[in-house]
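Structure record follows, encoded as structure tokens.
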Amino acid sequence: MKHLLLLKYGEIGLKGRNRPHFERILARNVAAALRRADGGGPGGTLRHLRGRFLIDLGPSSDEVRAARLAEAAAHVFGVVAVAPARQVPLTMEAIAETAAGVASEAVGTGARTFKLEVRRSNKAFPLTSPEVAAAVGRSVLETVPGLAVDVHDPDLRIAVEIREDGAYLYGREIRGPGGLPVGTSGRAVTLISGGIDSPVATWMAMKRGLVTIPLHFWSFPFTGERARQKVIDLCGVLGSWGTLPDLLVCPFTEIQTAIRDLCPEELRVTIMRRMMMRIATRLGQTERALAIITGESLGQVASQTIESLATIEAVADLPILRPLIGLDKEEIITRARAIGTFDLSTLPYEDCCTLFVPERPRIKPTVAEAEAAEGALEVEGLVERALGGIDRVTLR
Amino acid sequence: MNRDIYLDNAATARPFAAVGEAMEQAVETAYGNPSSRHGLGLAAARVMEESRSRLAGTIGAAPREVVFTGGGTEANNLALKGAAWAYARSGNHLVVSAVEHPSVLETAGWLAGGGGGWRVTLVPVGRDGRADARDVLAAVTGETVVVSLMHVNNEVGAVQPVAEVGRRLAAVRETSGRRKGLPLFFVDAVQSLGRLPIDVRAWGVDLLSLSAHKIHGPKGVGALFVREGVRLVPLVHGGGHEAGRRSGTENVPGLAGFGAALAKMAELVGTSERLSRLRSRLLSIVRDGRPEVVLLGPESGEAVAPHILCLSFPGVPAEVFQHHLERGGVYVSTGSACSSHHRGRASHVLEAMGCPPGVANSAIRLSLSPLTTPDEVEKAGKIIVATAGELAGKGAR
């Protein structure tokens, strides 16, 4: 039997004239995710049905592979759910028999109640949806012992979709992340530190369809090779959710030591963040990005007060998007665990050198203060040299 | 870029060229299964037994008392769990020094928790990291099954009074009226092999663990000395290899490498004195250049291993110091490489020594080997002094 997946997408179905564009990008992303998960295998072939994709995984009888590919498809942004489905000819006998098969499998794993959910997009089929539901339901009750009907809160929902080329049945679906396909919302530079927050912020930006260009500031020998590898690994996890462009590793040691040596201690973090924004802005121009993503959450640390955010943002010529702005630390951690980045983020490598953190940072800096404090810095030259030293790391 | 100066030999030592050659030869020619009865099996068994005899000779044991394992951690697990399980009817208490390697401390902790309700007494150490033999003995009760004391501490190089503890334990066994031979004396000698003499008979040791890669051998190869007459319940059951104490087809190439490393170490006469001089020289270069440096562990003499030097430059996070030295081509450890997996937790060894967190968090470990040259020590000393100068007083804390 062929392994089929029925893939449902949500929000992009609402997008009016842009819909074909969104669907094309979603199809490309799903196909790429399937190929990646198939380890060099063919992945699957996609066919567009109305409001669905039908994925044919080929005639392989490998159940483990089918489950892995279903999971991979359910990881793609824009996907609402993925259902392993069976396709049968458009006869009531075939539909009823297959429904009974789905039902007895579910009974084996503990289901006691069921209902039928029939959708008939093929109006040439002689019976209406309620008629199909009633007839198939009756047949299931007769042939599968131990099942009762519950239309409000059933253990098992048997879905029957009656389409032009056959009927599709399934009893189980894997929930997807929702959102918009990566690539439908343009490009942004995302700042990745190696901590808990920035990967979550990046994931949330990807979920809204952005292509996020990861940028890491690396301060060897204040941080080490392992800190850099950790960021590469974090990008690998994010890449399992949607394609990431090359990681840009930007040398930051010269800037950090210059700030340490030339700027007032209490403004070090503010000025460091301003330098990061200047570099990200410049990269935005060359990388065709229209925004900067950060993991800042209001009030979490001294550099994330509204005064600090305003002082930092003053040097960014691109909008700074902060997907985590309203989240508590606990909420961010919960998300990091679900995304799969938490365990990497908490590896014990020096990532933001404590040597540079002032004992008493300014909580409410102003733009004027920051500008005065930067007076001794050769800002343009520092930014130019950092940009020139960027190392591109291709992920995977 | 300078040539690399590798001063992280207590983490692992670069294999001798002869080790690679011996392993390659074993792979090529001694590929039989040592248990097979044909000639190829016998050839493999001979390679393995030659290493066993060599190791036994190095520590004053008989070859049949040497059990090969997959490394020092496994040997430590086998010693503690194996003895605890074998003698569970004769007691329920372990005495363990507070500065043992995690593979001993975590195993003892497991026996106390999930592993069956053993009681564990941790013996404290002094500011120099050494335990007092009298404190060890004071912890022994009529229920004690194993007394565990490492020979050389891996983080600070403190040499523990194993001979004295062995002697005192022998006296306790004479008079206790308990089952013959209890409590057992277990010594983790992973850090001392090849650097200091080991004599299991003179010390009265029952169990002693060793590892190949600390003496320029291959990783994943170790051994446990088990005195004749001592019973152990194996961790790994199977075909009854290693006299039933560690089943599994033996790692013949690895054991050939272990043997070659032992042979090479034996050729290098005067290693201990040579290392001792290099260590003293390194310490004095750093002290002359940076008087604020704090030495952790014993100063010199028999109290300290000749190859380990633990230093702290308070105010400079150890990892930052380490990466700066790396830039200069000098490779060192932050505290213990084994405990660097835990963020925000100071080393248990430095904590047991009463070392304040501000000093502990800045501790780096330099460890020498017979391959270290006087020239490397001079260069490394200069780089350490210069780096400490560069980083001193630059941070806010």
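To be explicit about the labels: the chains of the structure tokens are called A, B, and onward in the order shown, and within each one the residues are counted from 1, while ligands get numbers from 1 in the order they are shown.
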Interface, chain A side, toward chain B (12 Å; only C-alpha atoms) as a PDB file with C-alpha atoms, in the first residue's frame:
```pdb
ATOM      1  CA  SER A 219      34.886  37.517  20.766  1.00  0.00           C
ATOM      2  CA  PHE A 220      37.739  35.037  20.653  1.00  0.00           C
ATOM      3  CA  PRO A 221      39.768  34.738  22.868  1.00  0.00           C
ATOM      4  CA  PHE A 222      37.217  36.022  25.362  1.00  0.00           C
ATOM      5  CA  THR A 223      34.892  33.286  24.162  1.00  0.00           C
ATOM      6  CA  GLY A 224      36.065  30.032  22.616  1.00  0.00           C
ATOM      7  CA  GLU A 225      35.641  27.658  19.692  1.00  0.00           C
ATOM      8  CA  ARG A 226      32.978  25.778  21.572  1.00  0.00           C
ATOM      9  CA  ALA A 227      30.835  28.879  21.977  1.00  0.00           C
ATOM     10  CA  THR A 253      36.909  41.329  19.966  1.00  0.00           C
ATOM     11  CA  GLN A 256      34.673  44.951  22.815  1.00  0.00           C
ATOM     12  CA  THR A 257      38.185  45.792  23.911  1.00  0.00           C
ATOM     13  CA  ALA A 258      37.924  49.284  22.419  1.00  0.00           C
ATOM     14  CA  ILE A 259      34.705  49.897  24.341  1.00  0.00           C
ATOM     15  CA  ARG A 260      36.323  48.549  27.502  1.00  0.00           C
ATOM     16  CA  ASP A 261      39.361  50.761  27.108  1.00  0.00           C
ATOM     17  CA  LEU A 262      37.722  53.963  25.842  1.00  0.00           C
ATOM     18  CA  PRO A 264      32.614  54.780  30.549  1.00  0.00           C
ATOM     19  CA  GLU A 265      32.121  51.467  32.308  1.00  0.00           C
ATOM     20  CA  GLU A 266      28.419  51.905  33.093  1.00  0.00           C
ATOM     21  CA  ARG A 268      29.565  49.484  28.027  1.00  0.00           C
ATOM     22  CA  SER A 345      21.585  27.042  24.966  1.00  0.00           C
ATOM     23  CA  THR A 346      22.433  26.012  28.517  1.00  0.00           C
ATOM     24  CA  LEU A 347      25.781  24.396  27.682  1.00  0.00           C
ATOM     25  CA  PRO A 348      28.378  25.909  30.014  1.00  0.00           C
ATOM     26  CA  TYR A 349      30.586  27.909  27.687  1.00  0.00           C
ATOM     27  CA  GLU A 350      31.558  31.492  28.237  1.00  0.00           C
ATOM     28  CA  ASP A 351      29.418  33.290  25.612  1.00  0.00           C
ATOM     29  CA  CYS A 352      29.211  36.879  26.736  1.00  0.00           C
ATOM     30  CA  CYS A 353      32.330  37.567  28.617  1.00  0.00           C
ATOM     31  CA  THR A 354      31.678  38.657  32.188  1.00  0.00           C
ATOM     32  CA  LEU A 355      34.841  40.734  31.992  1.00  0.00           C
ATOM     33  CA  PHE A 356      32.966  43.291  29.913  1.00  0.00           C
ATOM     34  CA  VAL A 357      29.873  43.463  32.080  1.00  0.00           C
ATOM     35  CA  PRO A 358      29.953  46.528  34.299  1.00  0.00           C
ATOM     36  CA  GLU A 359      29.252  46.186  37.977  1.00  0.00           C
ATOM     37  CA  ARG A 360      26.554  48.872  37.861  1.00  0.00           C
ATOM     38  CA  PRO A 361      25.261  49.362  34.310  1.00  0.00           C
TER      39      PRO A 361
END
```
Minimum-distance residue to Gly72 of chain B, chosen among B:Pro183, B:Pro218, B:Pro34, B:Gly354 (using only C-alpha atoms): B:Pro218
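Using only C-alpha atoms, the residues found no farther than 12 Å from Arg274 of chain B, other than those of its own chain fewer than 6 positions away, are B:Arg195, B:Leu196, B:Leu268, B:Ser280, B:Arg281, B:Ala305, B:Pro306, B:His307, B:Leu368, B:Ser369, B:Pro370, B:Leu371, B:Thr372, B:Thr373, B:Pro374.
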Go ahead and write the residues just picked, N, CA and C atoms, as a PDB file, in the first residue's frame.
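out_8.pdb, freshly written:
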```pdb
ATOM      1  N   ARG B 195      54.087   8.551  36.544  1.00  0.00           N
ATOM      2  CA  ARG B 195      54.683   9.773  37.112  1.00  0.00           C
ATOM      3  C   ARG B 195      55.272   9.520  38.478  1.00  0.00           C
ATOM      4  N   LEU B 196      54.634   8.610  39.238  1.00  0.00           N
ATOM      5  CA  LEU B 196      55.121   8.264  40.575  1.00  0.00           C
ATOM      6  C   LEU B 196      55.124   6.748  40.685  1.00  0.00           C
ATOM      7  N   LEU B 268      61.896   5.994  29.920  1.00  0.00           N
ATOM      8  CA  LEU B 268      62.214   7.376  30.288  1.00  0.00           C
ATOM      9  C   LEU B 268      62.574   7.431  31.762  1.00  0.00           C
ATOM     10  N   SER B 280      58.583  23.216  39.003  1.00  0.00           N
ATOM     11  CA  SER B 280      59.114  24.279  39.868  1.00  0.00           C
ATOM     12  C   SER B 280      59.511  25.500  39.042  1.00  0.00           C
ATOM     13  N   ARG B 281      60.143  25.226  37.901  1.00  0.00           N
ATOM     14  CA  ARG B 281      60.585  26.324  37.046  1.00  0.00           C
ATOM     15  C   ARG B 281      59.381  27.140  36.549  1.00  0.00           C
ATOM     16  N   ALA B 305      52.140  15.975  43.043  1.00  0.00           N
ATOM     17  CA  ALA B 305      52.535  15.248  41.838  1.00  0.00           C
ATOM     18  C   ALA B 305      53.463  16.126  41.023  1.00  0.00           C
ATOM     19  N   PRO B 306      54.419  15.525  40.323  1.00  0.00           N
ATOM     20  CA  PRO B 306      55.415  16.346  39.623  1.00  0.00           C
ATOM     21  C   PRO B 306      54.879  17.026  38.367  1.00  0.00           C
ATOM     22  N   HIS B 307      53.680  16.645  37.901  1.00  0.00           N
ATOM     23  CA  HIS B 307      53.251  17.131  36.587  1.00  0.00           C
ATOM     24  C   HIS B 307      52.061  18.082  36.626  1.00  0.00           C
ATOM     25  N   LEU B 368      52.061  18.769  32.848  1.00  0.00           N
ATOM     26  CA  LEU B 368      53.236  18.475  32.026  1.00  0.00           C
ATOM     27  C   LEU B 368      53.302  16.996  31.683  1.00  0.00           C
ATOM     28  N   SER B 369      54.187  16.676  30.763  1.00  0.00           N
ATOM     29  CA  SER B 369      54.390  15.275  30.414  1.00  0.00           C
ATOM     30  C   SER B 369      55.858  15.075  30.100  1.00  0.00           C
ATOM     31  N   PRO B 370      56.292  13.823  29.974  1.00  0.00           N
ATOM     32  CA  PRO B 370      57.693  13.576  29.609  1.00  0.00           C
ATOM     33  C   PRO B 370      58.045  14.192  28.252  1.00  0.00           C
ATOM     34  N   LEU B 371      57.036  14.514  27.448  1.00  0.00           N
ATOM     35  CA  LEU B 371      57.314  15.131  26.152  1.00  0.00           C
ATOM     36  C   LEU B 371      57.506  16.641  26.260  1.00  0.00           C
ATOM     37  N   THR B 372      57.167  17.206  27.416  1.00  0.00           N
ATOM     38  CA  THR B 372      57.324  18.651  27.594  1.00  0.00           C
ATOM     39  C   THR B 372      58.806  18.993  27.689  1.00  0.00           C
ATOM     40  N   THR B 373      59.235  20.028  26.949  1.00  0.00           N
ATOM     41  CA  THR B 373      60.657  20.398  26.973  1.00  0.00           C
ATOM     42  C   THR B 373      60.884  21.635  27.851  1.00  0.00           C
ATOM     43  N   PRO B 374      62.102  21.807  28.360  1.00  0.00           N
ATOM     44  CA  PRO B 374      62.412  23.003  29.152  1.00  0.00           C
ATOM     45  C   PRO B 374      62.118  24.277  28.358  1.00  0.00           C
TER      46      PRO B 374
END
```
Selection: 9 Å around Ser97 of chain B, only C-alpha atoms, excl. self and same-chain fewer than 5 positions, as a PDB file with N, CA and C atoms, in the first residue's frame:
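File part-v6.pdb, as written:
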```
ATOM      1  N   LEU B 105      33.056   9.526  43.027  1.00  0.00           N
ATOM      2  CA  LEU B 105      32.054  10.197  43.858  1.00  0.00           C
ATOM      3  C   LEU B 105      30.635   9.934  43.361  1.00  0.00           C
ATOM      4  N   THR B 121      30.630   8.027  53.825  1.00  0.00           N
ATOM      5  CA  THR B 121      31.263   9.090  54.610  1.00  0.00           C
ATOM      6  C   THR B 121      32.332   9.745  53.730  1.00  0.00           C
ATOM      7  N   LEU B 122      32.214  11.071  53.584  1.00  0.00           N
ATOM      8  CA  LEU B 122      33.216  11.818  52.821  1.00  0.00           C
ATOM      9  C   LEU B 122      34.305  12.289  53.780  1.00  0.00           C
ATOM     10  N   VAL B 123      35.546  11.981  53.450  1.00  0.00           N
ATOM     11  CA  VAL B 123      36.655  12.413  54.299  1.00  0.00           C
ATOM     12  C   VAL B 123      37.124  13.786  53.821  1.00  0.00           C
ATOM     13  N   PRO B 124      37.192  14.762  54.720  1.00  0.00           N
ATOM     14  CA  PRO B 124      37.595  16.115  54.309  1.00  0.00           C
ATOM     15  C   PRO B 124      39.077  16.179  53.971  1.00  0.00           C
ATOM     16  N   VAL B 125      39.458  17.268  53.310  1.00  0.00           N
ATOM     17  CA  VAL B 125      40.879  17.483  53.018  1.00  0.00           C
ATOM     18  C   VAL B 125      41.293  18.844  53.572  1.00  0.00           C
ATOM     19  N   ALA B 131      44.261  14.649  52.213  1.00  0.00           N
ATOM     20  CA  ALA B 131      43.542  14.077  53.344  1.00  0.00           C
ATOM     21  C   ALA B 131      44.564  13.622  54.383  1.00  0.00           C
ATOM     22  N   VAL B 136      40.927   9.525  57.645  1.00  0.00           N
ATOM     23  CA  VAL B 136      40.390   8.410  56.858  1.00  0.00           C
ATOM     24  C   VAL B 136      40.039   7.259  57.781  1.00  0.00           C
ATOM     25  N   VAL B 147      37.265   1.441  51.450  1.00  0.00           N
ATOM     26  CA  VAL B 147      37.852   2.755  51.707  1.00  0.00           C
ATOM     27  C   VAL B 147      38.492   3.198  50.391  1.00  0.00           C
ATOM     28  N   SER B 148      38.055   4.351  49.872  1.00  0.00           N
ATOM     29  CA  SER B 148      38.501   4.802  48.559  1.00  0.00           C
ATOM     30  C   SER B 148      39.303   6.090  48.692  1.00  0.00           C
ATOM     31  N   LEU B 149      40.559   6.029  48.254  1.00  0.00           N
ATOM     32  CA  LEU B 149      41.419   7.209  48.328  1.00  0.00           C
ATOM     33  C   LEU B 149      42.301   7.250  47.084  1.00  0.00           C
ATOM     34  N   MET B 150      42.208   8.331  46.330  1.00  0.00           N
ATOM     35  CA  MET B 150      43.002   8.428  45.098  1.00  0.00           C
ATOM     36  C   MET B 150      44.465   8.669  45.439  1.00  0.00           C
TER      37      MET B 150
END
```
